[in-house]
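Have a look at final-v5.cif; it's mmCIF, N, CA and C atoms and all ligand atoms:
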```
data_structure
#
loop_
_atom_site.label_atom_id
_atom_site.label_comp_id
_atom_site.auth_asym_id
_atom_site.auth_seq_id
_atom_site.Cartn_x
_atom_site.Cartn_y
_atom_site.Cartn_z
N MET A 1 -21.79 217.87 54.85
CA MET A 1 -21.83 217.54 53.42
C MET A 1 -23.11 218.12 52.82
N SER A 2 -23.01 218.86 51.75
CA SER A 2 -24.20 219.45 51.15
C SER A 2 -24.76 218.53 50.07
N ALA A 3 -26.09 218.58 49.91
CA ALA A 3 -26.73 217.69 48.95
C ALA A 3 -26.34 218.07 47.53
N ARG A 4 -26.13 217.06 46.72
CA ARG A 4 -25.80 217.31 45.32
C ARG A 4 -27.02 217.10 44.43
N TYR A 5 -27.93 216.25 44.89
CA TYR A 5 -29.11 215.96 44.08
C TYR A 5 -30.37 216.17 44.91
N THR A 6 -31.36 216.84 44.31
CA THR A 6 -32.63 217.04 45.00
C THR A 6 -33.76 216.73 44.04
N GLY A 7 -34.91 216.37 44.63
CA GLY A 7 -36.07 216.08 43.78
C GLY A 7 -37.28 215.84 44.63
N GLY A 8 -38.36 215.41 44.00
CA GLY A 8 -39.58 215.14 44.74
C GLY A 8 -40.72 214.77 43.81
N CYS A 9 -41.89 214.60 44.42
CA CYS A 9 -43.07 214.18 43.66
C CYS A 9 -43.76 215.39 43.03
N ALA A 10 -44.83 215.11 42.30
CA ALA A 10 -45.52 216.18 41.55
C ALA A 10 -46.23 217.16 42.47
N CYS A 11 -46.72 216.71 43.64
CA CYS A 11 -47.51 217.60 44.49
C CYS A 11 -46.67 218.27 45.56
N GLY A 12 -45.44 217.80 45.76
CA GLY A 12 -44.56 218.44 46.75
C GLY A 12 -44.63 217.84 48.14
N ALA A 13 -45.48 216.82 48.36
CA ALA A 13 -45.60 216.21 49.68
C ALA A 13 -44.34 215.44 50.06
N ILE A 14 -43.62 214.95 49.05
CA ILE A 14 -42.39 214.19 49.30
C ILE A 14 -41.23 214.86 48.58
N ARG A 15 -40.18 215.12 49.35
CA ARG A 15 -38.96 215.73 48.80
C ARG A 15 -37.78 214.87 49.24
N TYR A 16 -36.72 214.89 48.46
CA TYR A 16 -35.52 214.16 48.87
C TYR A 16 -34.26 214.96 48.52
N GLU A 17 -33.21 214.61 49.25
CA GLU A 17 -31.87 215.14 48.99
C GLU A 17 -30.90 213.97 49.03
N ILE A 18 -29.90 214.01 48.18
CA ILE A 18 -28.89 212.95 48.16
C ILE A 18 -27.52 213.60 48.13
N ALA A 19 -26.69 213.22 49.12
CA ALA A 19 -25.35 213.80 49.22
C ALA A 19 -24.31 212.80 48.74
N ALA A 20 -24.44 212.37 47.51
CA ALA A 20 -23.48 211.42 46.95
C ALA A 20 -23.60 211.43 45.43
N GLU A 21 -22.61 210.89 44.79
CA GLU A 21 -22.68 210.73 43.34
C GLU A 21 -23.34 209.39 43.03
N PRO A 22 -24.05 209.30 41.89
CA PRO A 22 -24.70 208.03 41.55
C PRO A 22 -23.68 206.90 41.31
N MET A 23 -24.06 205.67 41.74
CA MET A 23 -23.21 204.51 41.52
C MET A 23 -23.43 203.94 40.13
N LYS A 24 -24.67 204.03 39.67
CA LYS A 24 -25.06 203.49 38.37
C LYS A 24 -26.23 204.31 37.86
N ALA A 25 -26.45 204.26 36.56
CA ALA A 25 -27.62 204.93 35.99
C ALA A 25 -28.04 204.19 34.73
N GLY A 26 -29.33 204.02 34.56
CA GLY A 26 -29.78 203.32 33.37
C GLY A 26 -31.28 203.29 33.22
N HIS A 27 -31.70 202.70 32.11
CA HIS A 27 -33.11 202.51 31.82
C HIS A 27 -33.48 201.06 32.09
N CYS A 28 -34.75 200.83 32.43
CA CYS A 28 -35.22 199.45 32.62
C CYS A 28 -36.55 199.27 31.90
N GLN A 29 -36.58 198.26 31.02
CA GLN A 29 -37.79 197.99 30.24
C GLN A 29 -38.56 196.78 30.76
N CYS A 30 -38.39 196.43 32.04
CA CYS A 30 -39.15 195.30 32.56
C CYS A 30 -40.63 195.69 32.65
N ARG A 31 -41.49 194.70 32.68
CA ARG A 31 -42.93 194.98 32.68
C ARG A 31 -43.35 195.72 33.95
N ASP A 32 -42.67 195.45 35.06
CA ASP A 32 -43.00 196.16 36.30
C ASP A 32 -42.72 197.66 36.17
N CYS A 33 -41.59 197.99 35.56
CA CYS A 33 -41.27 199.41 35.37
C CYS A 33 -42.26 200.04 34.39
N GLN A 34 -42.65 199.28 33.38
CA GLN A 34 -43.62 199.82 32.42
C GLN A 34 -44.94 200.13 33.13
N ARG A 35 -45.38 199.21 33.99
CA ARG A 35 -46.64 199.45 34.71
C ARG A 35 -46.52 200.61 35.69
N ALA A 36 -45.38 200.66 36.40
CA ALA A 36 -45.21 201.70 37.43
C ALA A 36 -45.11 203.09 36.82
N THR A 37 -44.49 203.18 35.63
CA THR A 37 -44.28 204.50 35.03
C THR A 37 -45.39 204.86 34.04
N GLY A 38 -46.09 203.84 33.52
CA GLY A 38 -47.07 204.10 32.47
C GLY A 38 -46.40 204.41 31.14
N ALA A 39 -45.11 204.13 31.04
CA ALA A 39 -44.34 204.43 29.83
C ALA A 39 -43.55 203.20 29.40
N GLY A 40 -42.70 203.35 28.41
CA GLY A 40 -41.96 202.21 27.86
C GLY A 40 -40.85 201.69 28.76
N HIS A 41 -40.35 202.56 29.63
CA HIS A 41 -39.28 202.13 30.55
C HIS A 41 -39.17 203.10 31.72
N GLY A 42 -38.53 202.63 32.77
CA GLY A 42 -38.17 203.50 33.88
C GLY A 42 -36.73 203.96 33.68
N SER A 43 -36.40 205.14 34.19
CA SER A 43 -35.03 205.66 34.11
C SER A 43 -34.58 205.97 35.53
N PHE A 44 -33.46 205.35 35.92
CA PHE A 44 -33.06 205.38 37.33
C PHE A 44 -31.60 205.77 37.53
N MET A 45 -31.34 206.37 38.67
CA MET A 45 -29.98 206.57 39.15
C MET A 45 -29.88 205.88 40.50
N ALA A 46 -28.86 205.05 40.68
CA ALA A 46 -28.69 204.31 41.93
C ALA A 46 -27.69 205.02 42.83
N PHE A 47 -28.07 205.18 44.10
CA PHE A 47 -27.24 205.86 45.09
C PHE A 47 -27.09 204.98 46.33
N PRO A 48 -26.04 205.24 47.14
CA PRO A 48 -25.98 204.56 48.44
C PRO A 48 -27.20 205.00 49.27
N ASP A 49 -27.95 204.01 49.75
CA ASP A 49 -29.21 204.29 50.45
C ASP A 49 -29.01 205.24 51.64
N ALA A 50 -27.88 205.11 52.33
CA ALA A 50 -27.63 205.89 53.53
C ALA A 50 -27.51 207.39 53.24
N THR A 51 -27.30 207.75 51.97
CA THR A 51 -27.12 209.16 51.63
C THR A 51 -28.44 209.84 51.25
N LEU A 52 -29.53 209.05 51.23
CA LEU A 52 -30.84 209.60 50.86
C LEU A 52 -31.54 210.17 52.08
N LYS A 53 -31.94 211.43 51.98
CA LYS A 53 -32.70 212.07 53.05
C LYS A 53 -34.08 212.40 52.51
N LEU A 54 -35.10 211.72 53.07
CA LEU A 54 -36.48 211.90 52.60
C LEU A 54 -37.26 212.82 53.52
N THR A 55 -38.07 213.68 52.94
CA THR A 55 -39.04 214.47 53.70
C THR A 55 -40.41 214.03 53.21
N GLY A 56 -41.28 213.59 54.14
CA GLY A 56 -42.56 213.01 53.72
C GLY A 56 -42.42 211.50 53.68
N THR A 57 -43.53 210.81 53.62
CA THR A 57 -43.52 209.35 53.70
C THR A 57 -44.12 208.72 52.45
N PRO A 58 -43.28 208.08 51.64
CA PRO A 58 -43.84 207.40 50.47
C PRO A 58 -44.63 206.16 50.88
N LYS A 59 -45.50 205.73 50.03
CA LYS A 59 -46.18 204.46 50.19
C LYS A 59 -45.38 203.47 49.34
N TYR A 60 -45.31 202.20 49.80
CA TYR A 60 -44.50 201.23 49.08
C TYR A 60 -45.36 200.11 48.50
N HIS A 61 -45.04 199.74 47.29
CA HIS A 61 -45.68 198.62 46.62
C HIS A 61 -44.61 197.57 46.36
N GLU A 62 -44.88 196.32 46.79
CA GLU A 62 -43.87 195.27 46.64
C GLU A 62 -44.20 194.37 45.47
N VAL A 63 -43.18 194.08 44.68
CA VAL A 63 -43.33 193.07 43.62
C VAL A 63 -42.18 192.08 43.71
N LYS A 64 -42.46 190.85 43.29
CA LYS A 64 -41.44 189.81 43.24
C LYS A 64 -40.74 189.90 41.88
N ALA A 65 -39.44 190.10 41.89
CA ALA A 65 -38.70 190.14 40.62
C ALA A 65 -38.47 188.71 40.14
N ASP A 66 -38.15 188.54 38.86
CA ASP A 66 -37.95 187.18 38.33
C ASP A 66 -36.71 186.53 38.95
N SER A 67 -35.84 187.33 39.56
CA SER A 67 -34.66 186.81 40.25
C SER A 67 -35.03 186.19 41.59
N GLY A 68 -36.29 186.42 42.03
CA GLY A 68 -36.70 185.96 43.35
C GLY A 68 -36.57 187.07 44.39
N ASN A 69 -35.90 188.15 44.02
CA ASN A 69 -35.77 189.28 44.94
C ASN A 69 -37.09 190.03 45.06
N THR A 70 -37.22 190.77 46.16
CA THR A 70 -38.39 191.63 46.33
C THR A 70 -38.00 193.05 45.96
N VAL A 71 -38.81 193.65 45.10
CA VAL A 71 -38.60 195.04 44.72
C VAL A 71 -39.68 195.88 45.37
N ARG A 72 -39.27 196.91 46.10
CA ARG A 72 -40.24 197.81 46.74
C ARG A 72 -40.20 199.14 46.03
N ARG A 73 -41.34 199.53 45.50
CA ARG A 73 -41.42 200.79 44.77
C ARG A 73 -42.12 201.83 45.63
N GLY A 74 -41.45 202.96 45.84
CA GLY A 74 -42.01 204.02 46.67
C GLY A 74 -42.65 205.09 45.82
N PHE A 75 -43.87 205.45 46.18
CA PHE A 75 -44.58 206.50 45.43
C PHE A 75 -45.31 207.41 46.40
N CYS A 76 -45.67 208.58 45.93
CA CYS A 76 -46.38 209.53 46.79
C CYS A 76 -47.83 209.08 46.94
N PRO A 77 -48.31 208.93 48.20
CA PRO A 77 -49.69 208.47 48.40
C PRO A 77 -50.70 209.53 47.98
N ASN A 78 -50.27 210.75 47.82
CA ASN A 78 -51.19 211.82 47.43
C ASN A 78 -51.30 211.97 45.92
N CYS A 79 -50.17 212.11 45.22
CA CYS A 79 -50.23 212.37 43.77
C CYS A 79 -49.85 211.16 42.94
N GLY A 80 -49.30 210.11 43.57
CA GLY A 80 -49.01 208.88 42.84
C GLY A 80 -47.68 208.85 42.11
N SER A 81 -46.89 209.93 42.21
CA SER A 81 -45.60 209.95 41.51
C SER A 81 -44.71 208.82 42.00
N PHE A 82 -44.14 208.07 41.07
CA PHE A 82 -43.19 207.00 41.38
C PHE A 82 -41.83 207.67 41.60
N LEU A 83 -41.23 207.42 42.78
CA LEU A 83 -40.02 208.15 43.16
C LEU A 83 -38.77 207.30 43.31
N LEU A 84 -38.92 206.13 43.91
CA LEU A 84 -37.72 205.36 44.24
C LEU A 84 -38.02 203.87 44.33
N GLY A 85 -36.95 203.09 44.23
CA GLY A 85 -37.09 201.64 44.32
C GLY A 85 -35.94 201.04 45.09
N ARG A 86 -36.25 199.94 45.80
CA ARG A 86 -35.20 199.19 46.49
C ARG A 86 -35.37 197.72 46.15
N ASN A 87 -34.23 197.04 45.99
CA ASN A 87 -34.23 195.63 45.61
C ASN A 87 -33.58 194.85 46.74
N SER A 88 -34.27 193.79 47.22
CA SER A 88 -33.73 193.03 48.36
C SER A 88 -32.40 192.36 48.02
N GLY A 89 -32.10 192.22 46.73
CA GLY A 89 -30.83 191.62 46.31
C GLY A 89 -29.70 192.64 46.23
N MET A 90 -30.05 193.92 46.40
CA MET A 90 -29.03 194.98 46.33
C MET A 90 -29.19 195.90 47.53
N THR A 91 -28.92 195.34 48.71
CA THR A 91 -29.11 196.12 49.93
C THR A 91 -28.09 197.25 49.99
N GLY A 92 -28.51 198.36 50.60
CA GLY A 92 -27.63 199.50 50.71
C GLY A 92 -27.69 200.42 49.51
N MET A 93 -28.56 200.06 48.56
CA MET A 93 -28.67 200.86 47.34
C MET A 93 -30.12 201.29 47.14
N VAL A 94 -30.31 202.52 46.69
CA VAL A 94 -31.66 202.98 46.36
C VAL A 94 -31.64 203.52 44.93
N ALA A 95 -32.66 203.17 44.17
CA ALA A 95 -32.78 203.67 42.79
C ALA A 95 -33.77 204.83 42.79
N ILE A 96 -33.32 205.95 42.29
CA ILE A 96 -34.16 207.15 42.24
C ILE A 96 -34.65 207.34 40.80
N CYS A 97 -35.93 207.62 40.64
CA CYS A 97 -36.48 207.85 39.31
C CYS A 97 -35.92 209.17 38.76
N ALA A 98 -35.25 209.08 37.61
CA ALA A 98 -34.54 210.25 37.07
C ALA A 98 -35.47 211.43 36.83
N ALA A 99 -36.71 211.17 36.43
CA ALA A 99 -37.62 212.26 36.11
C ALA A 99 -38.12 212.98 37.36
N SER A 100 -37.89 212.39 38.55
CA SER A 100 -38.32 213.06 39.79
C SER A 100 -37.28 214.06 40.28
N LEU A 101 -36.10 214.09 39.65
CA LEU A 101 -35.08 215.05 40.03
C LEU A 101 -35.51 216.47 39.68
N ASP A 102 -35.09 217.42 40.47
CA ASP A 102 -35.37 218.83 40.14
C ASP A 102 -34.68 219.20 38.83
N ASP A 103 -33.50 218.60 38.61
CA ASP A 103 -32.77 218.84 37.37
C ASP A 103 -32.50 217.50 36.68
N PRO A 104 -33.44 217.00 35.89
CA PRO A 104 -33.26 215.68 35.27
C PRO A 104 -32.16 215.66 34.21
N THR A 105 -31.60 216.81 33.85
CA THR A 105 -30.54 216.80 32.84
C THR A 105 -29.26 216.14 33.36
N VAL A 106 -29.16 215.96 34.69
CA VAL A 106 -27.95 215.34 35.25
C VAL A 106 -27.91 213.82 35.02
N PHE A 107 -29.06 213.27 34.61
CA PHE A 107 -29.14 211.82 34.37
C PHE A 107 -28.32 211.45 33.13
N LYS A 108 -27.35 210.53 33.33
CA LYS A 108 -26.52 210.06 32.22
C LYS A 108 -26.62 208.54 32.15
N PRO A 109 -27.58 208.04 31.35
CA PRO A 109 -27.78 206.59 31.31
C PRO A 109 -26.55 205.85 30.79
N GLN A 110 -26.26 204.70 31.42
CA GLN A 110 -25.09 203.90 31.05
C GLN A 110 -25.48 202.57 30.44
N MET A 111 -26.74 202.16 30.62
CA MET A 111 -27.14 200.82 30.16
C MET A 111 -28.65 200.72 30.06
N LEU A 112 -29.08 199.67 29.37
CA LEU A 112 -30.50 199.37 29.25
C LEU A 112 -30.74 197.96 29.79
N LEU A 113 -31.61 197.85 30.78
CA LEU A 113 -31.91 196.55 31.40
C LEU A 113 -33.25 196.02 30.90
N TYR A 114 -33.40 194.72 30.93
CA TYR A 114 -34.64 194.05 30.53
C TYR A 114 -35.08 194.43 29.12
N ALA A 115 -34.09 194.53 28.22
CA ALA A 115 -34.40 194.87 26.83
C ALA A 115 -35.31 193.80 26.21
N SER A 116 -35.31 192.58 26.78
CA SER A 116 -36.12 191.50 26.21
C SER A 116 -37.62 191.78 26.33
N SER A 117 -38.02 192.66 27.24
CA SER A 117 -39.44 193.00 27.32
C SER A 117 -39.71 194.44 26.86
N GLY A 118 -38.76 194.99 26.11
CA GLY A 118 -38.96 196.33 25.56
C GLY A 118 -40.05 196.33 24.50
N GLN A 119 -40.76 197.45 24.41
CA GLN A 119 -41.82 197.57 23.41
C GLN A 119 -41.24 198.13 22.11
N ALA A 120 -41.82 197.69 20.97
CA ALA A 120 -41.32 198.12 19.66
C ALA A 120 -41.37 199.64 19.51
N TRP A 121 -42.28 200.27 20.23
CA TRP A 121 -42.44 201.73 20.10
C TRP A 121 -41.57 202.52 21.07
N ASP A 122 -40.82 201.80 21.92
CA ASP A 122 -40.00 202.48 22.92
C ASP A 122 -38.54 202.50 22.48
N HIS A 123 -38.14 203.53 21.77
CA HIS A 123 -36.78 203.60 21.23
C HIS A 123 -35.83 204.20 22.26
N VAL A 124 -34.76 203.45 22.53
CA VAL A 124 -33.75 203.88 23.48
C VAL A 124 -32.42 203.96 22.73
N ASP A 125 -31.58 204.90 23.08
CA ASP A 125 -30.27 205.09 22.45
C ASP A 125 -29.61 203.75 22.10
N PRO A 126 -29.46 203.44 20.81
CA PRO A 126 -28.90 202.13 20.42
C PRO A 126 -27.43 201.98 20.80
N ALA A 127 -26.77 203.09 21.15
CA ALA A 127 -25.35 203.01 21.53
C ALA A 127 -25.16 202.48 22.95
N LEU A 128 -26.23 202.44 23.75
CA LEU A 128 -26.10 201.98 25.13
C LEU A 128 -25.94 200.46 25.18
N PRO A 129 -25.07 199.97 26.08
CA PRO A 129 -25.01 198.51 26.29
C PRO A 129 -26.38 198.03 26.77
N ARG A 130 -26.86 196.94 26.18
CA ARG A 130 -28.18 196.45 26.60
C ARG A 130 -28.11 195.01 27.08
N PHE A 131 -28.90 194.72 28.09
CA PHE A 131 -28.95 193.39 28.69
C PHE A 131 -30.36 192.87 28.54
N PRO A 132 -30.53 191.58 28.19
CA PRO A 132 -31.89 191.03 28.04
C PRO A 132 -32.66 191.11 29.35
N LYS A 133 -31.96 190.92 30.49
CA LYS A 133 -32.56 191.05 31.81
C LYS A 133 -31.63 191.91 32.65
N MET A 134 -31.28 191.43 33.86
CA MET A 134 -30.31 192.17 34.66
C MET A 134 -28.90 191.87 34.16
N PRO A 135 -27.96 192.82 34.26
CA PRO A 135 -26.58 192.48 33.96
C PRO A 135 -26.07 191.50 35.00
N PRO A 136 -25.16 190.58 34.61
CA PRO A 136 -24.71 189.52 35.53
C PRO A 136 -24.18 190.06 36.86
N MET A 137 -23.52 191.23 36.86
CA MET A 137 -22.92 191.71 38.10
C MET A 137 -23.95 192.15 39.13
N ALA A 138 -25.19 192.35 38.69
CA ALA A 138 -26.21 192.85 39.63
C ALA A 138 -26.99 191.71 40.27
N ARG A 139 -26.69 190.46 39.91
CA ARG A 139 -27.47 189.35 40.44
C ARG A 139 -27.08 189.04 41.87
ZN ZN B 201 -47.02 213.95 45.72
ZN ZN B 202 -37.62 197.43 35.66
#
```

As structure tokens, how would this structure be written, given the file I've shared?
Ligand SMILES: [Zn+2]
Ligand SMILES: [Zn+2]
Amino acid sequence: MSARYTGGCACGAIRYEIAAEPMKAGHCQCRDCQRATGAGHGSFMAFPDATLKLTGTPKYHEVKADSGNTVRRGFCPNCGSFLLGRNSGMTGMVAICAASLDDPTVFKPQMLLYASSGQAWDHVDPALPRFPKMPPMAR
């Protein structure tokens, strides 16, 4: 099976390939994503974790989500690029930061999460379905 999606960090120390289509894609305006990205929201594509092939070793930062789940954010220890996230409540799934893709134009957001902590200056497509926190099906 050949990879359909490729990407990596800013310095090139970490590269990834994914041989699957995304299960979900969306933006997240939670405060953790704002801190991790330094921007108004994170933009992610979720894939089956088993299809992710990493070259290089990310460093992981753990945060407790308001759901009680543990979120592990992987970033490059050299350049600091935020690359991927895993949620203990969604095992088998990995969220890839859309901007880390070699071709970010393939990102097609379907929803906005944690709109309740969105910043007034962070405008996101008003046509997208928005959830104040996580959508019920992801709990
Ligand atoms: Zn790097
Ligand atoms: Zn978030």

*asked:* Please find the residues contacting ligand ZN 202 (chain B) at a distance of at most 7 Å between atoms, with only N, CA and C atoms and all ligand atoms counted, and report them as an NGL selection string.
replied: :A and (27-34 or 42 or 113-114)

*Write out as a VMD selection string all residues of stretch 12-114 of chain A that backbone DSSP assigns to strand (DSSP E or B).*
chain A and resid 15 to 18 24 to 28 42 to 48 52 to 55 59 to 64 70 to 75 82 to 87 93 to 97 101 111 to 113

*Find the residues around stretch 88-104 of chain A up to 7 Å (all atoms listed in the file counted), leave out those fewer than 2 positions away in its own chain, and share them as a VMD selection string.*
chain A and resid 5 to 9 42 to 50 69 to 72 82 to 86 106 to 107 138 to 139

*asked:* Can you pull out the residues contacting stretch 126-136 of chain A? Cut-off 8 Å, using only C-alpha atoms, and skip same-chain residues under 4 positions away; I want them as a list in words.
replied: Cys30, Pro109, Gln110, Met111, Leu112, Leu113, Tyr114, Ala115, Ser116 and Ser117 of chain A

*Using atom C of A:Thr57 and atom C of A:Arg4 as the two end points, give the distance in Å to one decimal.*
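Atom-to-atom, atom C of A:Thr57 and atom C of A:Arg4 are spaced 20.7 Å apart.
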
*Grab me every residue within 7 Å of ligand ZN 201 (chain B), counting only N, CA and C atoms and all ligand atoms, and send it over as number ranges by chain.*
A: 8-14, 75-81

*Of the listed residues A:Thr37, A:Asp122, A:Lys108, A:Ala19, that which approaches A:Leu54 most closely, counting only C-alpha atoms*: A:Ala19

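Across the structure, atom N of A:Pro58 and atom C of A:Ile18 are spaced 17.1 Å apart.
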
*Would you work out the distance separating atom C of A:Val63 from atom N of A:Met23, expressed in Å to one decimal?*
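Going from atom C of A:Val63 over to atom N of A:Met23, I get 22.7 Å.
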